[in-house]
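Raw contents of model-v7.txt, compact mmCIF, C-alpha atoms and all ligand atoms:
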# COMPACT_ATOMS: atom_id res chain seq x y z
CA MET T 1 73.97 95.49 137.18
CA ASN T 2 73.29 97.49 134.14
CA ALA T 3 74.18 100.99 135.22
CA SER T 4 72.09 102.49 132.48
CA THR T 5 68.92 100.59 133.32
CA GLN T 6 69.01 99.93 137.04
CA GLY T 7 67.06 103.13 137.66
CA GLU T 8 64.03 101.50 136.05
CA GLU T 9 63.51 99.56 139.24
CA GLU T 10 64.26 102.12 141.88
CA GLY T 11 65.59 105.44 140.56
CA SER T 12 63.47 108.45 139.81
CA PRO T 13 63.21 109.29 136.11
CA GLU T 14 65.57 112.23 136.49
CA ASP T 15 68.23 109.87 137.81
CA ARG T 16 68.18 107.93 134.60
CA PRO T 17 71.07 108.34 132.20
CA GLU T 18 68.87 109.04 129.24
CA LYS T 19 69.80 111.37 126.51
CA ASN T 20 68.86 114.93 127.18
CA PRO T 21 69.06 116.47 123.70
CA GLU T 22 68.14 119.95 124.90
CA LYS T 23 71.47 120.02 126.64
CA ASP T 24 74.50 118.12 125.41
CA PRO T 25 73.36 115.14 123.30
CA GLU T 26 76.33 113.16 124.54
CA LYS T 27 75.51 113.70 128.20
CA SER T 28 73.23 111.51 130.29
CA ALA T 29 71.19 112.96 133.14
CA VAL T 30 72.92 110.89 135.76
CA SER T 31 75.83 112.03 137.92
CA TRP T 32 78.96 110.14 138.94
CA ARG T 33 77.66 110.25 142.52
CA ALA T 34 74.57 108.25 141.50
CA LEU T 35 76.55 105.86 139.32
CA LEU T 36 79.09 105.25 142.04
CA ARG T 37 76.29 104.43 144.46
CA GLU T 38 74.63 102.08 141.96
CA THR T 39 77.90 100.36 141.15
CA THR T 40 78.73 99.85 144.83
CA THR T 41 75.31 98.30 145.41
CA ALA T 42 75.60 96.12 142.32
CA ILE T 43 78.97 94.61 143.16
CA GLY T 44 78.78 94.92 146.95
CA GLU T 45 82.29 96.36 147.34
CA SER T 46 83.14 100.03 147.56
CA ALA T 47 86.83 100.20 146.56
CA PRO T 48 86.43 98.22 143.30
CA ALA T 49 83.31 100.27 142.51
CA ARG T 50 85.33 103.46 142.84
CA TRP T 51 88.15 102.06 140.67
CA LEU T 52 85.67 100.98 137.99
CA CYS T 53 84.15 104.48 137.97
CA GLU T 54 87.62 106.00 137.76
CA ALA T 55 88.44 103.74 134.80
CA ALA T 56 85.14 104.51 133.06
CA SER T 57 85.54 108.24 133.58
CA GLY T 58 89.23 108.41 132.79
CA LEU T 59 89.61 110.47 135.97
CA THR T 60 91.96 109.87 138.87
CA GLY T 61 90.50 109.37 142.36
CA ASP T 62 90.73 113.05 143.35
CA GLU T 63 89.44 114.24 139.99
CA LEU T 64 86.46 111.92 140.24
CA LEU T 65 85.66 113.26 143.72
CA SER T 66 85.59 116.78 142.36
CA GLU T 67 83.35 115.76 139.43
CA LEU T 68 80.85 113.73 141.46
CA ASP T 69 77.93 116.01 140.60
CA GLN T 70 78.78 116.34 136.92
CA PRO T 71 76.63 114.53 134.35
CA VAL T 72 78.20 111.43 132.90
CA THR T 73 78.51 110.94 129.15
CA LEU T 74 76.53 108.11 127.58
CA ARG T 75 79.76 106.60 126.34
CA MET T 76 81.08 106.44 129.90
CA VAL T 77 77.87 104.85 131.16
CA ALA T 78 78.17 102.17 128.48
CA HIS T 79 81.82 101.61 129.34
CA LEU T 80 81.02 101.29 133.04
CA ASP T 81 78.14 98.89 132.31
CA SER T 82 80.37 96.59 130.33
CA MET T 83 83.11 96.63 132.99
CA VAL T 84 80.63 95.91 135.78
CA ALA T 85 79.19 92.99 133.79
CA ARG T 86 82.69 91.56 133.23
CA TYR T 87 83.58 91.91 136.92
CA ARG T 88 80.34 90.29 138.00
CA SER T 89 80.98 87.38 135.65
CA GLY T 90 84.16 86.62 137.61
CA GLU T 91 86.82 88.31 135.48
CA PRO T 92 89.64 89.57 137.74
CA LEU T 93 89.40 93.27 138.51
CA ALA T 94 92.86 94.00 137.08
CA TYR T 95 91.85 92.67 133.66
CA VAL T 96 88.53 94.51 133.75
CA LEU T 97 90.26 97.78 134.59
CA GLY T 98 93.07 97.07 132.14
CA TYR T 99 95.70 98.34 134.54
CA TRP T 100 97.11 97.58 137.96
CA SER T 101 99.52 99.11 140.44
CA PHE T 102 102.85 97.60 141.38
CA ARG T 103 105.16 99.35 143.84
CA HIS T 104 105.40 102.90 142.42
CA ILE T 105 104.18 102.28 138.89
CA ASP T 106 100.86 101.65 137.16
CA VAL T 107 100.99 99.15 134.31
CA MET T 108 98.58 97.96 131.67
CA VAL T 109 97.57 94.33 132.07
CA ASP T 110 95.37 91.97 130.11
CA ARG T 111 95.05 88.24 129.65
CA ARG T 112 98.40 88.01 127.86
CA VAL T 113 100.17 88.45 131.21
CA LEU T 114 99.91 87.48 134.88
CA ILE T 115 98.34 90.01 137.19
CA PRO T 116 101.10 91.59 139.31
CA ARG T 117 100.97 90.33 142.90
CA PRO T 118 101.95 91.95 146.19
CA GLU T 119 104.41 89.14 146.98
CA THR T 120 106.28 89.97 143.78
CA GLU T 121 106.63 93.57 144.98
CA VAL T 122 108.78 92.16 147.78
CA VAL T 123 110.93 90.22 145.29
CA ALA T 124 111.38 93.34 143.14
CA GLY T 125 112.27 95.34 146.25
CA ARG T 126 114.96 92.83 147.17
CA ALA T 127 116.34 92.90 143.60
CA ILE T 128 116.56 96.70 143.88
CA GLU T 129 118.44 96.39 147.20
CA LEU T 130 120.89 93.93 145.66
CA ALA T 131 121.37 96.11 142.57
CA ALA T 132 122.00 99.12 144.81
CA LEU T 133 125.00 97.29 146.28
CA VAL T 134 126.73 97.49 142.89
CA SER T 135 129.16 100.37 142.77
CA ASP T 136 130.23 100.03 139.11
CA PRO T 137 129.27 102.93 136.85
CA VAL T 138 126.67 100.83 135.03
CA ARG T 139 124.59 98.15 136.70
CA ARG T 140 123.33 95.52 134.30
CA ILE T 141 120.18 93.72 135.38
CA ALA T 142 117.93 91.14 133.70
CA ASP T 143 114.30 90.37 134.52
CA LEU T 144 113.70 86.98 132.87
CA GLY T 145 110.13 86.01 131.96
CA THR T 146 109.07 89.58 132.59
CA GLY T 147 105.38 89.29 131.62
CA SER T 148 103.88 92.74 132.10
CA GLY T 149 107.39 93.99 132.92
CA VAL T 150 106.66 95.01 136.49
CA ILE T 151 109.85 93.75 138.14
CA GLY T 152 112.29 95.15 135.58
CA LEU T 153 110.36 98.36 135.09
CA SER T 154 110.23 98.95 138.84
CA ILE T 155 114.00 98.53 138.94
CA ALA T 156 114.39 100.94 136.02
CA SER T 157 112.07 103.50 137.56
CA GLU T 158 113.46 103.32 141.11
CA MET T 159 117.17 103.38 140.26
CA SER T 160 119.27 106.08 138.63
CA ILE T 161 118.56 106.26 134.90
CA SER T 162 122.09 106.71 133.65
CA GLY T 163 123.64 104.02 135.83
CA THR T 164 121.19 101.20 135.21
CA GLU T 165 120.58 98.96 132.20
CA VAL T 166 117.65 96.60 132.54
CA TRP T 167 116.89 93.72 130.19
CA LEU T 168 113.31 92.44 130.03
CA THR T 169 112.90 89.04 128.41
CA ASP T 170 110.03 86.71 127.69
CA ALA T 171 109.53 83.69 125.47
CA VAL T 172 105.97 84.77 124.72
CA SER T 173 105.88 87.57 122.18
CA ASP T 174 102.36 88.59 123.21
CA ALA T 175 103.62 89.16 126.75
CA LEU T 176 106.55 91.20 125.46
CA ASP T 177 104.10 93.46 123.63
CA VAL T 178 102.57 94.27 127.01
CA ALA T 179 106.01 94.82 128.58
CA ARG T 180 106.94 97.08 125.65
CA ALA T 181 103.81 99.16 126.11
CA ASN T 182 104.54 99.47 129.81
CA ALA T 183 108.14 100.46 129.15
CA ALA T 184 106.87 103.15 126.80
CA GLY T 185 104.55 104.33 129.55
CA LEU T 186 107.55 105.06 131.77
CA GLY T 187 108.96 107.50 129.24
CA ARG T 188 112.45 108.70 130.11
CA ARG T 189 112.75 106.33 133.06
CA ALA T 190 112.78 103.45 130.54
CA ALA T 191 115.58 104.97 128.48
CA ASN T 192 117.93 102.14 129.43
CA VAL T 193 115.43 99.31 129.24
CA ARG T 194 116.15 96.65 126.61
CA ILE T 195 113.64 94.06 125.48
CA ALA T 196 114.58 90.62 124.14
CA GLU T 197 112.49 87.63 123.15
CA GLY T 198 113.45 84.07 124.06
CA GLU T 199 113.50 81.32 126.67
CA TRP T 200 115.23 82.45 129.87
CA PHE T 201 118.92 83.28 129.24
CA ALA T 202 118.73 82.31 125.56
CA ALA T 203 116.98 85.66 124.97
CA LEU T 204 120.10 87.62 125.91
CA PRO T 205 122.91 88.57 123.51
CA GLU T 206 125.78 86.10 123.93
CA ASP T 207 128.36 88.84 124.34
CA LEU T 208 126.70 89.81 127.63
CA ALA T 209 127.48 86.44 129.23
CA GLY T 210 129.30 86.97 132.51
CA SER T 211 128.29 90.63 132.79
CA PHE T 212 125.02 90.76 134.75
CA ASP T 213 125.07 92.23 138.24
CA VAL T 214 121.60 91.01 139.12
CA VAL T 215 119.32 88.50 137.44
CA VAL T 216 115.78 88.38 138.79
CA SER T 217 112.84 86.24 137.72
CA ASN T 218 109.32 85.36 138.70
CA PRO T 219 109.07 82.19 136.61
CA PRO T 220 106.19 79.74 136.54
CA TYR T 221 106.55 77.60 139.67
CA ILE T 222 103.20 75.92 140.27
CA ALA T 223 103.04 72.13 139.95
CA ASP T 224 100.82 71.05 137.05
CA ASP T 225 98.44 69.19 139.35
CA ASP T 226 98.44 71.71 142.24
CA SER T 227 94.99 71.56 143.81
CA GLU T 228 95.41 74.72 145.93
CA ILE T 229 95.47 77.11 143.00
CA ASP T 230 92.53 79.49 142.92
CA PRO T 231 90.12 78.43 140.13
CA SER T 232 89.87 82.04 138.94
CA VAL T 233 93.66 82.12 138.43
CA CYS T 234 93.46 78.96 136.28
CA GLU T 235 90.51 80.25 134.33
CA TRP T 236 91.80 83.72 133.54
CA GLU T 237 95.57 83.97 133.79
CA PRO T 238 98.06 82.55 131.25
CA GLY T 239 98.97 78.96 132.15
CA SER T 240 102.40 79.38 130.56
CA ALA T 241 103.25 81.90 133.31
CA LEU T 242 102.02 79.65 136.11
CA PHE T 243 102.71 75.95 135.62
CA ALA T 244 106.12 74.31 135.59
CA GLY T 245 105.96 70.54 135.46
CA SER T 246 105.10 67.91 138.03
CA ASP T 247 107.00 69.61 140.89
CA GLY T 248 106.77 73.22 139.68
CA LEU T 249 110.56 73.42 139.45
CA ARG T 250 111.08 72.86 135.71
CA ASP T 251 111.94 76.48 134.89
CA LEU T 252 113.65 77.24 138.20
CA ARG T 253 116.09 74.38 137.47
CA ILE T 254 116.99 75.92 134.11
CA ILE T 255 117.37 79.45 135.48
CA VAL T 256 119.42 78.48 138.53
CA GLY T 257 121.49 76.01 136.46
CA GLU T 258 122.44 78.54 133.78
CA ALA T 259 122.71 81.74 135.79
CA GLN T 260 126.38 81.48 136.76
CA THR T 261 127.34 81.76 133.07
CA TRP T 262 125.53 85.09 132.79
CA LEU T 263 126.34 86.70 136.12
CA ARG T 264 129.56 88.55 136.68
CA PRO T 265 131.63 87.16 139.55
CA GLY T 266 129.87 88.31 142.71
CA GLY T 267 126.59 88.96 140.82
CA TRP T 268 123.26 88.01 142.34
CA LEU T 269 120.42 85.73 141.23
CA ILE T 270 117.02 86.16 142.88
CA VAL T 271 113.97 84.10 141.98
CA GLU T 272 110.41 84.07 143.19
CA ILE T 273 109.22 80.66 144.45
CA GLY T 274 106.11 78.97 145.80
CA TYR T 275 105.89 79.00 149.59
CA GLY T 276 106.64 75.27 149.84
CA GLN T 277 109.72 75.34 147.60
CA GLY T 278 112.25 77.14 149.84
CA SER T 279 114.50 74.24 150.71
CA ALA T 280 114.32 72.58 147.27
CA VAL T 281 115.31 75.79 145.48
CA GLU T 282 117.94 76.65 148.09
CA GLN T 283 119.48 73.26 147.31
CA LEU T 284 119.39 74.00 143.56
CA PHE T 285 121.36 77.20 144.25
CA VAL T 286 123.93 75.39 146.38
CA ASP T 287 124.28 72.57 143.84
CA SER T 288 124.94 75.15 141.12
CA GLY T 289 127.78 76.74 143.09
CA PHE T 290 126.02 79.81 144.52
CA VAL T 291 127.18 81.31 147.80
CA ASP T 292 125.36 83.47 150.35
CA VAL T 293 122.19 81.54 149.51
CA ARG T 294 119.17 82.69 151.46
CA VAL T 295 115.43 82.07 151.43
CA GLY T 296 113.40 85.27 151.91
CA GLN T 297 109.79 85.74 152.98
CA ASP T 298 106.89 87.78 151.66
CA LEU T 299 104.76 90.12 153.77
CA THR T 300 102.66 87.21 155.03
CA GLY T 301 105.82 85.56 156.39
CA ARG T 302 105.85 82.74 153.85
CA ASP T 303 108.94 81.70 151.89
CA ARG T 304 108.75 83.65 148.62
CA TYR T 305 112.17 84.01 147.08
CA VAL T 306 115.66 82.59 147.03
CA GLU T 307 118.77 84.66 146.42
CA GLY T 308 122.39 83.71 145.98
CA ARG T 309 125.65 85.09 144.61
CA ARG T 310 128.10 83.79 142.05
CA PRO T 311 131.37 83.48 143.98
CA ALA T 312 133.61 86.50 143.44
CA SER T 313 136.80 85.69 141.56
CA CYS T 314 139.94 85.73 143.65
N1 LIG U 1 102.07 83.72 142.81
C1 LIG U 1 101.27 83.25 141.71
C2 LIG U 1 100.06 82.50 142.22
O1 LIG U 1 100.14 81.83 143.20
C3 LIG U 1 102.06 82.36 140.79
C4 LIG U 1 103.10 83.11 140.08
C5 LIG U 1 104.05 82.22 139.38
O2 LIG U 1 103.83 81.03 139.12
N2 LIG U 1 105.12 82.81 139.05
O3 LIG U 1 99.02 82.59 141.63

Represent the structure of the file as structure tokens.
Amino acid sequence: MNASTQGEEEGSPEDRPEKNPEKDPEKSAVSWRALLRETTTAIGESAPARWLCEAASGLTGDELLSELDQPVTLRMVAHLDSMVARYRSGEPLAYVLGYWSFRHIDVMVDRRVLIPRPETEVVAGRAIELAALVSDPVRRIADLGTGSGVIGLSIASEMSISGTEVWLTDAVSDALDVARANAAGLGRRAANVRIAEGEWFAALPEDLAGSFDVVVSNPPYIADDDSEIDPSVCEWEPGSALFAGSDGLRDLRIIVGEAQTWLRPGGWLIVEIGYGQGSAVEQLFVDSGFVDVRVGQDLTGRDRYVEGRRPASC
């Protein structure tokens, strides 16, 4: 659709978002109500149409509802047109909007990072539960391979500010730029967020070895030749965040193998996994000396994470 021209076929002239210089030269003569209707027809889905209009208008859902009969600025029509064209060309909605929701936070996302997924909300929730078990004055947590930052920033924003230190790491500096922007977006709730660049544990300062209460990660875990992966994921999302060797376990082996050095005795490691990797990753945990190893499921009931604890010292 071209929101600014669709009216040529079916709209009456007064519906058209043409300049009306007698009034405000920046305003079109079309309302959000008309544009929302056009957008819904053009993409055939009502919720994404509403989100695109919210993004183009800069208004929240409720604000947009109260402005439905207001004229739209030409700039907003152009912005909406370009977003609708991108969405119709197959670009994922999160990238078109430029932001996405995860648990209780909204984050910016673009092609530098993976789009946050609902199954990862479950993993973050479990990391928060494990971190809440820590009674020490300061909990130290690391989110390795943070991407947009959603796991670590959810932990930071859902736990007490003064008692929680959260490290976000990534080997890809472009991804860390996104995480940094998202940390800034949290304001005071990110006061104890630290950002470090590097591969898995190598990003962390050496003097913190043996001090982490919880290490959480959603690493790449898809096998290089996986045929089930959605073509749109391959086309749009960063391969470095998705693929991990012939069995998808390349990075999980490193993380599970090195974690005991970085956890305090009794500290927890929790990693997201592919739904077919439960027993293989459980075995990696056991082989590396973890105790209380457990495979957890996502909301669809499929294996989605493995957790385990470094044995407490006697
Ligand atoms: N869950 C993602 C997917 O299936 C993959 C995420 C990952 O590899 N960490 O698209």

Residues near Glu121 in chain T, cut-off 10 Å, all atoms listed in the file, skip fewer than 5 positions along chain, as a ChimeraX atom specification: /T:102-104,116,126-127,150-151,154,298-299

Env of Leu242 in chain T: 8 Å cut, atoms = all atoms listed in the file, seq-sep filter 4 positions within chain, self excluded. Answer as a list in words.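 Using all atoms listed in the file, the neighbours found are Pro219, Pro220, Tyr221, Ile222 and Pro238 of chain T.
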
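Note that the spacing between CA of Phe201 in chain T and CA of Trp268 in chain T amounts to 14.6 Å.
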
Enclose all atoms of range 184-199 of chain T listed in the file in an axis-aligned box, grow every side by 6 Å, and hand back centre and edge lengths in Å to one decimal, as JSON.
{"center_x": 111.2, "center_y": 95.0, "center_z": 128.1, "size_x": 25.4, "size_y": 39.4, "size_z": 21.9}

For Val271 in chain T, work out the shell of residues within 7 Å, counting all atoms listed in the file and skipping chain neighbours fewer than 5 positions away, then give it as a PyMOL selection string. chain T and resi 216-218+305-307

Neighbouring residues of range 225-236 of chain T were defined as those with any atom within 12 Å, considering all atoms listed in the file; residues of the same chain fewer than 2 positions away were excluded. Please report them as a VMD selection string. chain T and resid 87 89 to 96 110 to 115 117 221 to 223 238 to 248 274 to 276

Between CA of Val193 in chain T and CA of Thr169 in chain T, what is the spacing in Å?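 Result for CA of Thr169 in chain T versus CA of Val193 in chain T: 10.6 Å, one decimal.
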
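Between ligand LIG 1 (chain U) and the residues T:Val256, T:Leu176, T:Val214, T:Val122, the shortest atom-to-atom distance, using only C-alpha atoms and all ligand atoms, involves T:Val122.
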
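For the pair CA of Ala203 in chain T and CA of Gly267 in chain T, the separation is 18.8 Å.
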
List the neighbours of Trp262 in chain T out to 7 Å using all atoms listed in the file; skip same-chain residues closer than 5 positions along the sequence, and give me the result as JSON, numbers by chain. {"T": [209, 210, 211, 212]}

Can you work out which one of T:Arg264, T:Arg294, T:Arg250, T:Arg180 has the shortest atom-to-atom distance to ligand LIG 1 (chain U), counting all atoms listed in the file? T:Arg250
